[in-house]
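Okay, model.cif now, which holds mmCIF, C-alpha atoms and all ligand atoms:
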```
data_data
#
loop_
_atom_site.label_atom_id
_atom_site.label_comp_id
_atom_site.auth_asym_id
_atom_site.auth_seq_id
_atom_site.Cartn_x
_atom_site.Cartn_y
_atom_site.Cartn_z
CA MET Z 1 1.08 9.54 -24.18
CA LYS Z 2 0.06 8.39 -20.70
CA ASN Z 3 3.02 6.18 -19.89
CA PHE Z 4 2.06 5.67 -16.27
CA LYS Z 5 -1.43 4.95 -14.99
CA VAL Z 6 -1.52 5.19 -11.22
CA LEU Z 7 -4.50 4.57 -8.92
CA PHE Z 8 -4.38 5.56 -5.23
CA VAL Z 9 -6.65 3.57 -2.92
CA CYS Z 10 -7.80 4.01 0.71
CA LEU Z 11 -10.92 2.95 2.60
CA GLY Z 12 -13.39 5.78 2.00
CA ASN Z 13 -11.81 7.69 -0.92
CA ILE Z 14 -12.56 10.93 0.92
CA CYS Z 15 -9.35 11.62 2.90
CA ARG Z 16 -6.09 9.89 2.02
CA SER Z 17 -6.44 8.71 -1.59
CA PRO Z 18 -7.98 11.93 -3.00
CA SER Z 19 -5.12 13.75 -1.26
CA ALA Z 20 -2.58 11.33 -2.73
CA GLU Z 21 -4.11 11.95 -6.15
CA ALA Z 22 -3.79 15.74 -5.75
CA VAL Z 23 -0.33 15.72 -4.17
CA PHE Z 24 1.12 13.32 -6.75
CA ARG Z 25 -0.51 15.25 -9.60
CA ALA Z 26 0.98 18.51 -8.31
CA TYR Z 27 4.38 16.83 -8.13
CA VAL Z 28 4.34 15.53 -11.71
CA GLU Z 29 3.12 18.95 -12.87
CA LYS Z 30 6.01 20.60 -11.03
CA LYS Z 31 8.32 18.23 -12.88
CA GLY Z 32 6.72 19.27 -16.20
CA ASN Z 33 5.67 15.67 -16.79
CA ALA Z 34 1.88 15.77 -16.36
CA ASP Z 35 1.23 14.45 -19.86
CA SER Z 36 2.91 11.16 -19.03
CA PHE Z 37 0.56 10.34 -16.16
CA PHE Z 38 -3.04 9.27 -15.72
CA ILE Z 39 -3.85 9.56 -12.01
CA ASP Z 40 -7.02 8.58 -10.17
CA SER Z 41 -8.20 7.38 -6.75
CA ALA Z 42 -10.79 5.00 -5.31
CA GLY Z 43 -11.95 3.46 -2.02
CA THR Z 44 -12.20 -0.19 -1.04
CA SER Z 45 -15.55 0.60 0.64
CA ASP Z 46 -18.74 2.10 -0.74
CA TYR Z 47 -19.34 4.20 2.41
CA HIS Z 48 -18.92 7.60 0.77
CA VAL Z 49 -19.51 6.94 -2.93
CA GLY Z 50 -20.54 10.13 -4.76
CA GLU Z 51 -19.27 12.46 -2.02
CA GLU Z 52 -16.67 15.21 -2.20
CA ALA Z 53 -13.49 14.82 -0.18
CA ASP Z 54 -13.88 15.26 3.59
CA LYS Z 55 -14.10 18.99 4.42
CA ARG Z 56 -11.35 18.75 7.06
CA MET Z 57 -9.03 17.07 4.57
CA GLN Z 58 -9.88 19.72 1.97
CA GLN Z 59 -9.10 22.52 4.42
CA HIS Z 60 -5.71 21.11 5.37
CA ALA Z 61 -4.87 20.41 1.73
CA ILE Z 62 -5.79 23.90 0.53
CA LYS Z 63 -3.30 25.43 2.98
CA ARG Z 64 -0.62 23.68 0.94
CA ASN Z 65 -2.29 24.67 -2.30
CA TYR Z 66 -3.79 21.28 -3.13
CA HIS Z 67 -7.36 21.38 -4.40
CA LEU Z 68 -9.21 18.13 -3.76
CA THR Z 69 -11.71 17.87 -6.57
CA SER Z 70 -12.35 14.15 -6.89
CA ILE Z 71 -15.69 12.51 -6.12
CA ALA Z 72 -15.54 9.25 -4.16
CA ARG Z 73 -15.95 5.99 -6.02
CA GLN Z 74 -15.46 2.36 -5.10
CA PHE Z 75 -12.57 0.30 -6.46
CA ASP Z 76 -13.79 -1.95 -9.27
CA PRO Z 77 -11.54 -5.02 -9.69
CA ASP Z 78 -12.83 -5.85 -13.15
CA LYS Z 79 -11.98 -2.42 -14.53
CA ASP Z 80 -9.27 -1.00 -12.32
CA PHE Z 81 -6.88 -3.94 -12.40
CA ASP Z 82 -6.96 -3.72 -16.21
CA GLN Z 83 -6.83 0.05 -16.55
CA PHE Z 84 -4.00 0.84 -14.13
CA ASP Z 85 -0.30 -0.10 -14.11
CA LEU Z 86 0.18 0.58 -10.44
CA ILE Z 87 -2.34 0.44 -7.59
CA VAL Z 88 -1.09 2.23 -4.50
CA ALA Z 89 -2.69 1.32 -1.17
CA MET Z 90 -2.57 3.77 1.72
CA ASP Z 91 -2.30 1.16 4.48
CA GLY Z 92 -1.86 -2.54 5.11
CA GLU Z 93 -5.57 -3.14 5.43
CA ASN Z 94 -6.28 -1.52 2.06
CA TYR Z 95 -3.43 -3.57 0.60
CA GLU Z 96 -4.82 -6.86 1.92
CA HIS Z 97 -8.31 -5.97 0.74
CA LEU Z 98 -7.01 -5.24 -2.76
CA LYS Z 99 -4.96 -8.44 -2.75
CA ALA Z 100 -8.09 -10.43 -1.93
CA MET Z 101 -9.76 -8.90 -5.00
CA ALA Z 102 -6.88 -9.69 -7.38
CA ARG Z 103 -8.04 -12.06 -10.11
CA ASN Z 104 -4.60 -13.40 -11.02
CA PRO Z 105 -0.88 -12.97 -10.23
CA GLY Z 106 -0.64 -10.12 -12.76
CA ASP Z 107 -3.20 -8.11 -10.80
CA GLU Z 108 -1.37 -8.79 -7.56
CA GLN Z 109 1.92 -7.58 -9.03
CA LYS Z 110 0.39 -4.14 -9.54
CA LEU Z 111 -0.16 -3.67 -5.81
CA VAL Z 112 2.14 -1.55 -3.68
CA LYS Z 113 1.87 0.57 -0.55
CA MET Z 114 2.43 4.33 -0.61
CA THR Z 115 4.90 4.13 2.26
CA ASP Z 116 7.11 1.79 0.17
CA PHE Z 117 8.24 5.02 -1.52
CA SER Z 118 8.92 7.14 1.58
CA ILE Z 119 12.25 8.93 1.54
CA ARG Z 120 12.43 10.88 4.81
CA HIS Z 121 9.61 9.33 6.84
CA ASP Z 122 9.56 5.92 8.46
CA TYR Z 123 5.90 4.84 8.56
CA ASP Z 124 4.45 1.53 7.38
CA ASP Z 125 1.05 3.09 6.66
CA VAL Z 126 -0.49 6.44 5.84
CA PRO Z 127 -2.65 6.44 9.00
CA ASP Z 128 -6.40 6.88 8.67
CA PRO Z 129 -7.14 10.45 9.88
CA TYR Z 130 -10.95 10.17 9.85
CA PHE Z 131 -11.64 9.74 13.57
CA GLY Z 132 -8.75 11.87 14.84
CA GLY Z 133 -7.68 15.50 15.12
CA SER Z 134 -6.04 18.00 12.81
CA GLU Z 135 -2.51 16.63 13.33
CA GLY Z 136 -3.62 13.42 11.59
CA PHE Z 137 -4.56 15.34 8.46
CA GLU Z 138 -1.23 17.17 8.47
CA LEU Z 139 0.61 13.86 8.87
CA VAL Z 140 -1.27 12.45 5.87
CA LEU Z 141 -0.05 15.37 3.75
CA ASP Z 142 3.52 15.14 5.08
CA LEU Z 143 3.69 11.42 4.24
CA LEU Z 144 2.09 11.88 0.83
CA GLU Z 145 4.45 14.69 -0.17
CA ASP Z 146 7.44 12.60 0.81
CA ALA Z 147 6.27 9.38 -0.86
CA SER Z 148 5.12 11.19 -4.02
CA GLU Z 149 8.69 12.25 -4.61
CA GLY Z 150 9.90 8.67 -4.09
CA LEU Z 151 7.20 7.22 -6.30
CA TYR Z 152 7.97 9.66 -9.10
CA GLU Z 153 11.68 8.88 -8.93
CA LYS Z 154 10.96 5.14 -8.99
CA LEU Z 155 8.69 5.38 -12.03
CA THR Z 156 10.85 7.73 -14.08
CA ARG Z 157 14.33 6.54 -13.16
P1 LIG Z 201 -10.04 7.50 3.98
O1 LIG Z 201 -10.64 7.86 5.42
O2 LIG Z 201 -10.04 5.99 3.89
O3 LIG Z 201 -8.66 8.08 4.03
O4 LIG Z 201 -10.95 8.15 2.96
C1 LIG Z 201 -11.83 7.33 5.93
C2 LIG Z 201 -13.03 7.84 5.50
C3 LIG Z 201 -14.21 7.32 6.03
C4 LIG Z 201 -14.19 6.31 6.96
C5 LIG Z 201 -12.96 5.79 7.38
C6 LIG Z 201 -11.78 6.31 6.85
N1 LIG Z 201 -15.39 5.79 7.51
O5 LIG Z 201 -15.33 4.92 8.37
O6 LIG Z 201 -16.48 6.24 7.09
#
```
Can you give me the file's structure in the form of structure tokens?
Amino acid sequence: MKNFKVLFVCLGNICRSPSAEAVFRAYVEKKGNADSFFIDSAGTSDYHVGEEADKRMQQHAIKRNYHLTSIARQFDPDKDFDQFDLIVAMDGENYEHLKAMARNPGDEQKLVKMTDFSIRHDYDDVPDPYFGGSEGFELVLDLLEDASEGLYEKLTR
């Protein structure tokens, strides 16, 4: 039974949200609880629809044993707000964009930010690494590993 349906959302769905999907999936697998979760990711934009995750993001992720396999798709309010229990935005801009697409208060209640679940880090956003250097990709993974733990604890407590 998939008790928890979680969708991670960023702008392009090629860096942060496919990584969040892989990191969170690895965490629930480590906890032996994979069967309880349906996990997916999407982008608010259509810029990279149909593409694999960014090669730089893939290379940083693989060093930590995360395989980014998802293909980019655009968030679809008419399907995704119904299908998912929790919609996790990577930054404030993604959050506001999702909020603007909410059809009713029930949709809006499903929206959270990944950094709401941080345990050790103190960031308001998972910063967009696309136009920066390798340290930005490492920071994405650090923040996602930390918040995945917090998110899992919150959902299963
Ligand atoms: P993401 O990163 O939102 O983490 O997938 C980005 C990917 C592409 C662009 C911006 C951010 N872009 O401008 O094309």
Counting all atoms listed in the file, which residues of chain Z fall within 6 Å of ligand LIG 201 (chain Z), and what is the closest atom pair for each with its distance in Å at one decimal, ordered by chain and rising number, as a Markdown table?
```
| residue | atom | partner | partner_atom | distance |
| --- | --- | --- | --- | --- |
| Z:Cys10 | CA | Z:LIG201 | O2 | 4.4 |
| Z:Leu11 | CA | Z:LIG201 | O2 | 3.4 |
| Z:Gly12 | CA | Z:LIG201 | O4 | 3.5 |
| Z:Asn13 | CA | Z:LIG201 | O4 | 4.0 |
| Z:Ile14 | CA | Z:LIG201 | O4 | 3.8 |
| Z:Cys15 | CA | Z:LIG201 | O3 | 3.8 |
| Z:Arg16 | CA | Z:LIG201 | O3 | 3.7 |
| Z:Tyr47 | CA | Z:LIG201 | O6 | 5.9 |
| Z:Asp128 | CA | Z:LIG201 | O3 | 5.3 |
| Z:Tyr130 | CA | Z:LIG201 | C1 | 4.9 |
```
Limited to C-alpha atoms, could you put the picked residues into a file as an mmCIF file, in the coordinates of the input?
```cif
data_model
loop_
_atom_site.group_PDB
_atom_site.id
_atom_site.type_symbol
_atom_site.label_atom_id
_atom_site.label_comp_id
_atom_site.auth_asym_id
_atom_site.auth_seq_id
_atom_site.Cartn_x
_atom_site.Cartn_y
_atom_site.Cartn_z
ATOM 1 C CA CYS Z 10 -7.800 4.010 0.710
ATOM 2 C CA LEU Z 11 -10.920 2.950 2.600
ATOM 3 C CA GLY Z 12 -13.390 5.780 2.000
ATOM 4 C CA ASN Z 13 -11.810 7.690 -0.920
ATOM 5 C CA ILE Z 14 -12.560 10.930 0.920
ATOM 6 C CA CYS Z 15 -9.350 11.620 2.900
ATOM 7 C CA ARG Z 16 -6.090 9.890 2.020
ATOM 8 C CA TYR Z 47 -19.340 4.200 2.410
ATOM 9 C CA ASP Z 128 -6.400 6.880 8.670
ATOM 10 C CA TYR Z 130 -10.950 10.170 9.850
#
```
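Among the candidate residues Z:Ala20, Z:Ala147, Z:Ala53, Z:Ala102, the one lying nearest to Asp122 (chain Z) is Z:Ala147, with distances computed using all atoms listed in the file.
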- prompt: Nearest to Ala100 (chain Z): which of Z:Tyr27, Z:Glu149, Z:Pro77, Z:Phe37 is it, counting only C-alpha atoms?
  reply: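 For Ala100 (chain Z), the nearest of the candidates is Z:Pro77.
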Let me have the centre and edge lengths of the axis-aligned box enclosing all listed atoms of region 107-116 of chain Z with 8 Å padding on every side, in Å to one decimal, as JSON.
```
{"center_x": 2.0, "center_y": -2.2, "center_z": -4.3, "size_x": 26.3, "size_y": 29.1, "size_z": 29.1}
```
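In this comparison, which uses all atoms listed in the file, the residue of Z:Leu68, Z:Met90, Z:Val126, Z:Val28 approaching Phe4 (chain Z) most closely is Z:Val28.
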message: Considering only C-alpha atoms, can you say which of Z:Ile119, Z:Gly150, Z:Asp125, Z:Leu155 comes closest to Glu93 (chain Z)?
response: Z:Asp125
